[in-house]
Amino acid sequence: MREGQPTAVHREAYAAPAFCIDTVDLTFDLDPTKTRVLNKMRLHRNPDVAAQPLRLDGEDLNLARVLVNGGGTSFKMDGGQLVLENLPEGPEPFDLEIFTTCNPEKNTQLMGLYVSQGTFFTQCEAEGFRRITYFLDRPDVMASYTVTLRADKNKYPVLLSNGNLVEQGALDDGRHFAKWLDPHKKPCYLFALVAGQLVAREQRITSRSGTEHLLQVFVRPGDLDKTEHAMNSLMASVAWDEARFGLPLDLERFMIVATSDFNMGAMENKGLNIFNTKYVLANPATATDMDFGNIESVVGHEYFHNWTGNRITCRDWFQLSLKEGLTVFRDQEFSQDMAGVASARAVKRIEDVRVLRTVQFAEDAGPMAHPVRPDSYVEINNFYTVTIYEKGSEVVRMMQTLVATPEDSLGRAGFAKGMKLYFERHDGQAVTCDDFAQAIADANPGSALAQNLSTFKRWYSQAGTPRLQARGVYNAAERSYTLTLKQSCPATPDQASKLPFVIPVTLGLLNRDGQALPLQRAGTADSALQQTLVLTEASANFTFANIDSEPVPSLLRGFSAPVVLEDGLNANDLLILLAHDSDPFNQWEAGQRLMMQSAVQALTQDITGPVLSDELVTALRNVLRHPGLDAAFKDLALTLPSENYIADQLSVVDPQRVHALREAMRLQLATALQADWQWAWDAHKHNGAYSPDAQSSGRRALSGLAMGMLCIAAVQSGDDVTPGRVYQQFKDAGNMTDRVNALSALVVSGHALSHDALERFHKLFQHEALVIDKWFALQAGAPDRAGDVLPRVRQLMKHADFSLRNPNRARSLIFSYCSANPAGFHRTDAAGYVYWSEQVLALDAINPQVAARLARAMDRWSRLAEPYRSAAQVAIERVAAKADLSNDVREVISRALN
Ligand code: ARG
Ligand code: ZN
């Protein structure tokens with residue numbers, strides 16, 4: 001860890017393991033301060049690799065004994081590795097027995113075996129298993145596991161590991177044991193154990209093929225009433241994977257366990273998923289619609305890993321997107337299918353694209369930019385990124401689009417065929433992104449993907465967000481329209497120049513009355529209202545015939561590729577798309593583009609007066625009042641682009657000016673549409689029983705937005721009646737979504753009632769950790785009116801409920817302030833940056849993985865305006881000056897300074 005200079009690992013240096021591990025028999029004597037681990041392995045030499053010593057990874061372990069075939073052996077230690085040089089020669093298997101101890105209670109990094117609220121948990125991905133025992137800690141070593149857990153029966157009544165429970169019973173001294181056998185071979189990063197006082201919601205299901213399974217969701221006693229939604233989501237996931245991809249549950253028992261101390265969202269350990277409580281626990285009183293939606297998608301995500309990740313895993317960690325990009329794609333599709341109707345699917349798509357564009361595009365434009373399949377890393381935990389996950393998912397989505405046929409216009413059938421071939425070829429193996437792309441292409445010969453496969457794979461090897469320029473020329477005499485598409489991609493840290501990408505561009509053409517025009521490519525007979533063009537070169541022309549008047553192009557429908565589109569459309573064109581585009585994504589996008597154009601103009605040309613034109617305000621009113629559009633869509637369409645996203649469009653960023661500008665735009669929308677907001681609030685309030693479905697959550701979202709806008713207008717005009725009504729709703733709310741929306745309306749508008757409301761909220765929910773996280777986050781993210789947010793954050797650090805050790809809590813306060821409150825954070829006195837550097841260092845001493853995430857809050861410092869830029873640099877250098885930084889933080893910080 002902190003020994004000397006961090007060294008990078010390179011993808012090209014991959015070498016197959018010199019030894020294979022056939023079986024692993026682990027026995028744990030669980031004790032919080034000294035857990036004993038007996039690891040009995042059977043290994044054999046890999047016949048394809050030249051003979052060499054066995055080097056086993058280990059970290060923070062106390063080694064007590066090493067036996068080979070039952071006898072003592074010589075060994076040495078080298079950089080944390082246990083090296084065995086005198087092993088039996090020849091191909092025969094041999095036994096290796098290693099006895100170590102570790103201290104789970106001292107494990108604050110939450111990697112390997114640790115204790116959370118008196119319960120034992122493990123997290124092994126990516127390289128945590130080496131903190132449990134010496135092992136070949138790499139994903140291409142797959143073995144069969146038998147695990148025996150022994151512990152005090154009163155303190156740890158529930159003992160869980162992967163696979164099936166084959167034996168259990170009592171031991172001396174009030175201890176007991178349980179023995180688990182996993183019928184599937186697996187890499188060690190999928191190992192898991194849990195031991196503690198837990199209760200389970202159980203469900204028996206019968207799959208399509210008639211086999212029976214037991215599903216269990218384990219939580220702490222008292223939380224059972226928050227497990228129904230997770231269980232429903234799990235059942236839906238099982239059914240969905242079988243229906244859409246023919247992939248059944250391959251286990252008798254499938255368990256989910258929730259822990260409140262977890263570095264990430266959740267982990268797909270074979271048959272024993274371990275989850276952050278945030279993605280399991282929900283009931284209407286404590287969780288918002290967003291929480292319910294996240295639970296559905298994370299439960300789906302981890303379940304879908306059972307095939308994409310576990311049955312077929314990664315050859316090495318450079319291939320991480322093989323399982324993560326694909327599994328995100330699958331969970332996004334699952335959530336869309338669960339949302340149901342087309343308009344609700346589109347809302348989910350818009351939400352996903354919004355994350356991609358605000359977070360991943362920013363990553364691609366900053367010092368941590370890396371390809372979907374990176375070429376090197378120092379600390380693999382730093383590469384669990386939006387690029388690997390979300391951009392990786394977009395790459396898979398493009399593959400689906402590129403195997404479409406006239407009969408299968410979305411490419412779903414072709415993609416499913418590709419998945420089938422992928423499993424036929426590689427089930428049980430550890431493979432690469434190339435293997436996956438090859439299978440999808442081979443299953444669809446003649447498709448655009450198969451024809452352009454090697455070019456397409458640049459999406460895996462080249463970092464950066466491509467720019468797609470589109471210009472149309474209408475020829476009235478010929479009644480034709482020619483679209484010229486050009487692409488380029490900015491340089492990224494390790495890649496100065498890029499080759500063209502394969503870019504699927506789904507488009508439609510509208511006439512100026514907003515009607516869709518049939519698209520007839522010159523020289524072809526078929527015509528449809530929508531087509532997908534495939535750009536494979538730096539530029540290309542596409543001509544459409546029989547066009548009667550100059551059209552408005554609607555390009556990149558559904559966000560058909562992860563690129564920045566520069567289509568040169570003016571405000572009039574965009575207003576037509578906002579009013580009429582049949583593609584909901586582009587209809588939403590037209591409104592966002594209009595708001596963004598207004599913002600960028602105001603910021604770069606120093607325009608005074610109202611930022612949004614009357615035409616745009618009227619168009620937005622029409623969307624808000626439109627009888628045919630869903631409330632959820634309206635909520636997205638009437639929400640301004642975020643400050644961070646606006647900042648991303650500028651070459652030099654003054655965060656205070658961006659903030660002031662966006663606040664002005666919001667105030668303008670709040671006052672100009674006041675009567676409409678009032679209507680929206682009244683019309684979408686709902687008092688019936690809570691249900692998290694897409695329709696009702698859409699209604700709550702829109703009424704929440706309306707309420708927030710009404711509060712802003714009221715505070716401006718000195719009206720206390722509306723805030724009073726909002727406060728009443730806060731008190732009377734029948735569910736957490738309505739309650740938090742009301743609270744947030746008061747906090748965001750800065751109304752005096754917010755203080756009382758925050759206090760009440762804390763009192764009401766002081767025993768609900770996940771709700772208290774919201775309480776911290778709301779205050780850390782509040783608009784900064786008089787430089788008061790940072791002092792408040794510092795004060796909250798001393799609150800009895802605050803703890804730096806609990807990642808959820810640290811994120812809710814520190815990350816909300818540093819990453820989600822640009823105006824509060826980027827202070828002219830640099831005090832925000834000082835706070836950031838203190839917290840990065842404090843966290844690094846506890847949990848390097850979480851610290852490195854916080855370090856990334858400064859990713860885009862170099863395009864800040866002065867005085868922010870220089871102050872940011874000083875703060876980053878202050879962190880860099882610390883001698884014993886973790887590799888995690890060191891890698892992020894040195895990239896930022898390069
Ligand atoms: N594989 C997990 C997922 O479903 C993420 C685990 C990452 N954990 C870590 N410590 N890097 O996305
Ligand atoms: Zn995953």
# chains A, B, ... in the order shown; residues from 1 in each chain; ligands from 1
>>> residues_near_ligand(ligand="ligand 1", cutoff="8 Å", atoms="only C-alpha atoms and all ligand atoms", output="list of chain:residue names")
A:Met111, A:Gln123, A:Cys124, A:Glu125, A:Ala126, A:Gly128, A:Asn263, A:Met264, A:Gly265, A:Ala266, A:Met267, A:Glu268, A:Val298, A:His301, A:Glu302, A:His305, A:Glu324, A:Ile380, A:Asn381, A:Asn382, A:Phe383, A:Tyr384, A:Tyr389, A:Gln849
>>> residues_around(residues="stretch 36-52 of chain A", least_positions_apart="2", cutoff="6 Å", atoms="only C-alpha atoms", output="ChimeraX atom specification")
/A:18-29,91,93-101
>>> residues_near_ligand(ligand="ligand 2", cutoff="12 Å", atoms="only C-alpha atoms and all ligand atoms", output="PyMOL selection string")
chain A and resi 125-126+190+264-269+273-275+297-310+313+320-331+384-386+388-390+392-393
>>> write_last_selection(atoms="C-alpha atoms", output="PDB file, in the first residue's frame")
ATOM      1  CA  GLU A 125     -13.731  -6.904  -5.440  1.00  0.00           C
ATOM      2  CA  ALA A 126     -11.362  -5.855  -6.754  1.00  0.00           C
ATOM      3  CA  LEU A 190     -16.796 -13.152  -5.705  1.00  0.00           C
ATOM      4  CA  MET A 264     -19.896   1.415  -3.039  1.00  0.00           C
ATOM      5  CA  GLY A 265     -23.469   0.528  -3.967  1.00  0.00           C
ATOM      6  CA  ALA A 266     -23.516  -3.251  -3.812  1.00  0.00           C
ATOM      7  CA  MET A 267     -21.568  -6.399  -4.676  1.00  0.00           C
ATOM      8  CA  GLU A 268     -22.552  -9.402  -6.753  1.00  0.00           C
ATOM      9  CA  ASN A 269     -20.821 -12.185  -4.724  1.00  0.00           C
ATOM     10  CA  ASN A 273     -24.969 -10.253  -2.727  1.00  0.00           C
ATOM     11  CA  ILE A 274     -23.891  -7.674  -0.175  1.00  0.00           C
ATOM     12  CA  PHE A 275     -25.587  -4.302  -0.411  1.00  0.00           C
ATOM     13  CA  SER A 297     -31.996  -0.926 -10.589  1.00  0.00           C
ATOM     14  CA  VAL A 298     -29.213  -1.930  -8.172  1.00  0.00           C
ATOM     15  CA  VAL A 299     -30.975  -5.145  -7.146  1.00  0.00           C
ATOM     16  CA  GLY A 300     -31.381  -5.843 -10.856  1.00  0.00           C
ATOM     17  CA  HIS A 301     -27.775  -4.912 -11.584  1.00  0.00           C
ATOM     18  CA  GLU A 302     -26.276  -7.262  -8.989  1.00  0.00           C
ATOM     19  CA  TYR A 303     -28.643 -10.051  -9.921  1.00  0.00           C
ATOM     20  CA  PHE A 304     -27.819  -9.709 -13.634  1.00  0.00           C
ATOM     21  CA  HIS A 305     -24.126  -9.998 -12.762  1.00  0.00           C
ATOM     22  CA  ASN A 306     -24.858 -13.605 -11.877  1.00  0.00           C
ATOM     23  CA  TRP A 307     -24.514 -14.269 -15.609  1.00  0.00           C
ATOM     24  CA  THR A 308     -22.648 -11.227 -16.890  1.00  0.00           C
ATOM     25  CA  GLY A 309     -19.746 -11.161 -14.474  1.00  0.00           C
ATOM     26  CA  ASN A 310     -20.010 -14.404 -12.537  1.00  0.00           C
ATOM     27  CA  THR A 313     -15.970 -13.106 -15.744  1.00  0.00           C
ATOM     28  CA  LEU A 320     -13.855  -4.459 -16.025  1.00  0.00           C
ATOM     29  CA  SER A 321     -16.353  -2.921 -18.433  1.00  0.00           C
ATOM     30  CA  LEU A 322     -16.924  -6.377 -19.905  1.00  0.00           C
ATOM     31  CA  LYS A 323     -19.071  -7.068 -16.883  1.00  0.00           C
ATOM     32  CA  GLU A 324     -19.912  -3.551 -15.665  1.00  0.00           C
ATOM     33  CA  GLY A 325     -20.818  -1.808 -18.925  1.00  0.00           C
ATOM     34  CA  LEU A 326     -22.842  -4.820 -20.015  1.00  0.00           C
ATOM     35  CA  THR A 327     -24.572  -5.153 -16.663  1.00  0.00           C
ATOM     36  CA  VAL A 328     -25.416  -1.446 -16.494  1.00  0.00           C
ATOM     37  CA  PHE A 329     -26.910  -1.785 -19.962  1.00  0.00           C
ATOM     38  CA  ARG A 330     -28.955  -4.709 -18.693  1.00  0.00           C
ATOM     39  CA  ASP A 331     -30.143  -2.897 -15.566  1.00  0.00           C
ATOM     40  CA  TYR A 384     -14.751   1.912 -10.971  1.00  0.00           C
ATOM     41  CA  THR A 385     -15.837   4.971 -12.889  1.00  0.00           C
ATOM     42  CA  VAL A 386     -18.703   6.390 -14.889  1.00  0.00           C
ATOM     43  CA  ILE A 388     -16.312   1.967 -17.232  1.00  0.00           C
ATOM     44  CA  TYR A 389     -19.951   1.760 -16.120  1.00  0.00           C
ATOM     45  CA  GLU A 390     -22.079   4.330 -17.955  1.00  0.00           C
ATOM     46  CA  GLY A 392     -19.431   1.147 -21.184  1.00  0.00           C
ATOM     47  CA  SER A 393     -23.195   0.690 -21.188  1.00  0.00           C
TER      48      SER A 393
END
>>> closest_residue(among="A:Pro221, A:Gly781, A:Pro807, A:Gly196", to="A:Leu30", atoms="only C-alpha atoms")
A:Gly196
>>> select_by_dssp(residues="stretch 410-654 of chain A", states="strand (DSSP E)", output="number ranges by chain")
A: 430-431, 467-475, 480-488, 503-510, 516-517, 519-521, 527-528, 531-535, 539-545, 552-555, 564-566
>>> write_last_selection(atoms="N, CA and C atoms", output="short mmCIF file (atom, residue, chain, number, x, y, z; two decimals), in the first residue's frame")
data_model
loop_
_atom_site.label_atom_id
_atom_site.label_comp_id
_atom_site.auth_asym_id
_atom_site.auth_seq_id
_atom_site.Cartn_x
_atom_site.Cartn_y
_atom_site.Cartn_z
N ALA A 430 -12.93 -16.75 -18.12
CA ALA A 430 -12.55 -15.36 -17.80
C ALA A 430 -12.07 -14.75 -19.11
N VAL A 431 -12.81 -13.79 -19.66
CA VAL A 431 -12.55 -13.36 -21.03
C VAL A 431 -12.35 -11.84 -21.15
N ARG A 467 -16.90 14.73 -30.85
CA ARG A 467 -17.78 15.81 -31.29
C ARG A 467 -18.34 15.40 -32.63
N LEU A 468 -19.64 15.53 -32.77
CA LEU A 468 -20.28 15.21 -34.04
C LEU A 468 -20.88 16.49 -34.59
N GLN A 469 -20.35 16.92 -35.74
CA GLN A 469 -20.90 18.13 -36.35
C GLN A 469 -21.85 17.71 -37.47
N ALA A 470 -23.01 18.35 -37.51
CA ALA A 470 -23.99 18.02 -38.56
C ALA A 470 -24.46 19.31 -39.23
N ARG A 471 -24.45 19.31 -40.55
CA ARG A 471 -24.97 20.46 -41.28
C ARG A 471 -25.82 19.93 -42.44
N GLY A 472 -27.01 20.54 -42.61
CA GLY A 472 -27.90 20.11 -43.68
C GLY A 472 -28.02 21.19 -44.75
N VAL A 473 -28.10 20.75 -46.00
CA VAL A 473 -28.32 21.70 -47.09
C VAL A 473 -29.54 21.23 -47.88
N TYR A 474 -30.50 22.14 -48.01
CA TYR A 474 -31.71 21.79 -48.75
C TYR A 474 -31.59 22.30 -50.18
N ASN A 475 -31.89 21.43 -51.11
CA ASN A 475 -31.85 21.80 -52.51
C ASN A 475 -33.28 21.79 -53.05
N SER A 480 -34.19 17.79 -52.58
CA SER A 480 -33.35 16.87 -51.79
C SER A 480 -32.72 17.60 -50.61
N TYR A 481 -32.33 16.80 -49.64
CA TYR A 481 -31.72 17.35 -48.42
C TYR A 481 -30.46 16.54 -48.15
N THR A 482 -29.33 17.23 -48.07
CA THR A 482 -28.06 16.53 -47.84
C THR A 482 -27.51 16.89 -46.48
N LEU A 483 -27.26 15.85 -45.72
CA LEU A 483 -26.74 16.04 -44.37
C LEU A 483 -25.27 15.66 -44.39
N THR A 484 -24.42 16.57 -43.91
CA THR A 484 -23.00 16.26 -43.80
C THR A 484 -22.66 16.04 -42.34
N LEU A 485 -22.12 14.86 -42.04
CA LEU A 485 -21.72 14.55 -40.67
C LEU A 485 -20.20 14.50 -40.61
N LYS A 486 -19.66 15.19 -39.61
CA LYS A 486 -18.20 15.20 -39.42
C LYS A 486 -17.90 14.89 -37.97
N GLN A 487 -16.84 14.13 -37.74
CA GLN A 487 -16.50 13.85 -36.34
C GLN A 487 -15.05 14.20 -36.02
N SER A 488 -14.84 14.50 -34.75
CA SER A 488 -13.49 14.72 -34.24
C SER A 488 -13.54 14.36 -32.77
N ILE A 503 -20.24 5.79 -35.42
CA ILE A 503 -21.27 6.54 -34.69
C ILE A 503 -22.64 6.30 -35.32
N PRO A 504 -23.51 5.58 -34.63
CA PRO A 504 -24.88 5.43 -35.14
C PRO A 504 -25.69 6.70 -34.85
N VAL A 505 -26.25 7.27 -35.89
CA VAL A 505 -27.00 8.52 -35.73
C VAL A 505 -28.46 8.26 -36.13
N THR A 506 -29.30 8.11 -35.14
CA THR A 506 -30.72 7.88 -35.41
C THR A 506 -31.37 9.24 -35.63
N LEU A 507 -32.12 9.37 -36.73
CA LEU A 507 -32.67 10.69 -37.02
C LEU A 507 -34.07 10.64 -37.62
N GLY A 508 -34.71 11.80 -37.54
CA GLY A 508 -35.95 12.03 -38.25
C GLY A 508 -35.88 13.45 -38.82
N LEU A 509 -36.75 13.73 -39.77
CA LEU A 509 -36.83 15.10 -40.30
C LEU A 509 -38.25 15.60 -40.08
N LEU A 510 -38.37 16.86 -39.68
CA LEU A 510 -39.68 17.47 -39.49
C LEU A 510 -39.82 18.63 -40.46
N ALA A 516 -43.67 14.95 -39.18
CA ALA A 516 -42.58 14.05 -39.55
C ALA A 516 -42.59 13.80 -41.05
N LEU A 517 -41.41 13.82 -41.65
CA LEU A 517 -41.30 13.57 -43.10
C LEU A 517 -40.76 12.17 -43.34
N LEU A 519 -38.42 9.45 -44.72
CA LEU A 519 -37.00 9.55 -45.07
C LEU A 519 -36.70 8.57 -46.18
N GLN A 520 -36.39 9.11 -47.35
CA GLN A 520 -36.05 8.24 -48.46
C GLN A 520 -34.63 8.55 -48.89
N ARG A 521 -33.72 7.62 -48.58
CA ARG A 521 -32.33 7.85 -48.96
C ARG A 521 -32.24 7.80 -50.47
N SER A 527 -38.87 3.86 -47.33
CA SER A 527 -38.91 5.11 -46.60
C SER A 527 -39.55 4.85 -45.24
N ALA A 528 -39.01 5.49 -44.24
CA ALA A 528 -39.55 5.35 -42.89
C ALA A 528 -39.50 6.73 -42.26
N GLN A 531 -34.59 6.74 -39.18
CA GLN A 531 -33.54 5.87 -39.69
C GLN A 531 -32.32 6.00 -38.83
N THR A 532 -31.42 5.03 -38.94
CA THR A 532 -30.14 5.17 -38.27
C THR A 532 -29.04 5.21 -39.32
N LEU A 533 -28.36 6.35 -39.41
CA LEU A 533 -27.20 6.48 -40.28
C LEU A 533 -25.98 6.00 -39.50
N VAL A 534 -25.02 5.42 -40.20
CA VAL A 534 -23.82 4.96 -39.49
C VAL A 534 -22.61 5.69 -40.06
N LEU A 535 -22.04 6.55 -39.25
CA LEU A 535 -20.85 7.29 -39.65
C LEU A 535 -19.63 6.48 -39.25
N SER A 539 -15.77 12.02 -42.08
CA SER A 539 -16.98 12.73 -42.49
C SER A 539 -17.68 11.97 -43.59
N ALA A 540 -18.96 12.24 -43.76
CA ALA A 540 -19.73 11.58 -44.82
C ALA A 540 -20.98 12.40 -45.10
N ASN A 541 -21.50 12.26 -46.35
CA ASN A 541 -22.75 12.91 -46.73
C ASN A 541 -23.86 11.89 -46.87
N PHE A 542 -25.07 12.31 -46.49
CA PHE A 542 -26.25 11.45 -46.63
C PHE A 542 -27.34 12.29 -47.27
N THR A 543 -27.86 11.82 -48.41
CA THR A 543 -28.86 12.62 -49.11
C THR A 543 -30.22 11.94 -49.06
N PHE A 544 -31.25 12.76 -48.79
CA PHE A 544 -32.63 12.28 -48.74
C PHE A 544 -33.40 12.90 -49.89
N ALA A 545 -34.26 12.08 -50.52
CA ALA A 545 -35.00 12.52 -51.71
C ALA A 545 -36.45 12.86 -51.37
N VAL A 552 -36.37 20.49 -40.57
CA VAL A 552 -35.60 20.62 -39.33
C VAL A 552 -35.13 19.21 -38.96
N PRO A 553 -33.83 18.99 -38.88
CA PRO A 553 -33.37 17.64 -38.54
C PRO A 553 -33.46 17.38 -37.04
N SER A 554 -33.91 16.20 -36.69
CA SER A 554 -33.91 15.76 -35.29
C SER A 554 -32.88 14.63 -35.22
N LEU A 555 -31.69 14.96 -34.74
CA LEU A 555 -30.55 14.05 -34.83
C LEU A 555 -30.22 13.41 -33.49
N VAL A 564 -20.96 14.58 -28.32
CA VAL A 564 -21.49 15.94 -28.24
C VAL A 564 -21.92 16.34 -29.64
N LEU A 565 -23.19 16.64 -29.79
CA LEU A 565 -23.73 16.98 -31.10
C LEU A 565 -23.70 18.49 -31.30
N GLU A 566 -23.10 18.91 -32.41
CA GLU A 566 -23.15 20.33 -32.79
C GLU A 566 -23.89 20.39 -34.11
#
>>> closest_residue(among="A:Cys711, A:Val653, A:Ile440, A:Leu67", to="A:Pro867", atoms="only C-alpha atoms")
A:Val653
>>> closest_residue(among="A:Leu669, A:Thr405, A:Met858, A:Phe633", to="A:Val874", atoms="only C-alpha atoms")
A:Met858
>>> residues_around(residues="A:Phe292", least_positions_apart="2", cutoff="9 Å", atoms="only C-alpha atoms", output="VMD selection string")
chain A and resid 229 to 230 279 to 284 287 to 290 294 to 297 692
>>> residues_around(residues="A:Ala706", least_positions_apart="4", cutoff="9 Å", atoms="only C-alpha atoms", output="list in words")
Asp635, Ala670, Gln674, Asp676, Trp677, Gln678, Trp679, Ala680, Trp681, Ala701, Leu702, Leu710 and Cys711 of chain A
>>> atom_distance(atom1="atom CA of A:Leu746", atom2="atom CA of A:Ala777")
14.5 Å
